[in-house]
Amino acid sequence: MNTCHCPSHDIQPSSSRPQTTIKTRSTPVFDNSKVTVVFVLGGPGAGKGTQCGMLVEDFGFAHLSGTVAPVTEIITGLLKNSMQAILDEGRSSEGWVEGRGRFLIDGFPRKMDQAIKFDETVCKSSLVLYFSTTEEVMLARLLERGKTSGREDDNVDSITKRFHTYKSDTMPVIEHYTKLGQVAEVDSSPPVEQVHKATSALIQDYSGHSACLGAPL
């Protein structure tokens with residue numbers, strides 16, 4: 001917190017002067033005792049999107065993707081608006097009544113400033129699902145995807161740069177949440193169904209601990 005130490009002769013106290021409090025951070029928009037946010041992280045090609053789609057079917061999450069934007073405020077603002085719009089739908093399924101909701105945010109936060117901004121102003125995250133695998137596995141998957149995806153960045157040079165960015169920008173985020181005890185790591189090297197089984201079991205285990213996930217699943 002920045003504190004201004006002003007000499008006493010510059011500003012004299014006055015009983016008529018209104019006292020003000022300077023806030024150093026905003027209160028989160030959503031209460032994490034009602035709204036569960038699970039960040040889903042892992043390198044390019046780790047299988048985040050595929051597993052999120054399955055968890056939506058298993059547990060009724062809403063799946064949001066972290067938007068790539070140069071300004072942290074824009075990204076967090078877009079996610080906040082998306083979450084509010086989904087909550088306003090008034091879903092009646094389990095986990096979505098009385099102002100409750102559960103969100104998977106895929107590929108976010110990519111950087112530490114995004115993590116801090118979201119936790120402090122949007123909603124304190126409950127869990128980080130970290131899909132870990134080797135660069136060799138991710139490279140093979142991305143090159144295979146590139147045969148049909150039409151994505152210009154599914155080539156060796158672009159993929160190598162993405163790996164570097166992931167290690168320099170996103171791994172510190174995972175390390176940060178690991179220190180807070182919020183990371184659940186899943187080896188995503190095996191086949192999709194095997195990873196899905198492990199991930200579902202992990203979420204089911206956490207669902208019995210509301211203190212871990214905020215809103216019970």
# chains A, B, ... in the order shown; residues from 1 in each chain; ligands from 1
>>> residues_around(residues="segment 173-181 of chain A", least_positions_apart="4", cutoff="8 Å", atoms="only C-alpha atoms", output="list in words")
Leu41, Pro109, Arg110, Lys111, Met112, Ala115, Val128, Tyr130 and Asp169 of chain A
>>> residues_around(residues="segment 61-64 of chain A", least_positions_apart="5", cutoff="7 Å", atoms="only C-alpha atoms", output="CSV table (one decimal) with C-alpha atoms, in the first residue's frame")
chain,number,residue,atom,x,y,z
A,52,CYS,CA,-13.2,-28.6,-19.9
A,55,LEU,CA,-16.2,-31.4,-17.1
A,56,VAL,CA,-19.1,-29.3,-18.2
A,102,ARG,CA,-19.6,-22.6,-11.1
A,103,PHE,CA,-17.1,-21.6,-13.8
A,104,LEU,CA,-14.2,-23.2,-15.6
A,105,ILE,CA,-11.9,-20.5,-17.0
A,106,ASP,CA,-9.7,-22.1,-19.6
>>> atom_distance(atom1="atom CA of Met83 of chain A", atom2="atom CA of Ala201 of chain A")
25.5 Å
>>> atom_distance(atom1="atom CA of Glu73 of chain A", atom2="atom CA of Ser125 of chain A")
16.9 Å
>>> closest_residue(among="A:Ser93, A:Thr72, A:Asn81, A:Thr50", to="Phe30 of chain A", atoms="only C-alpha atoms")
A:Asn81
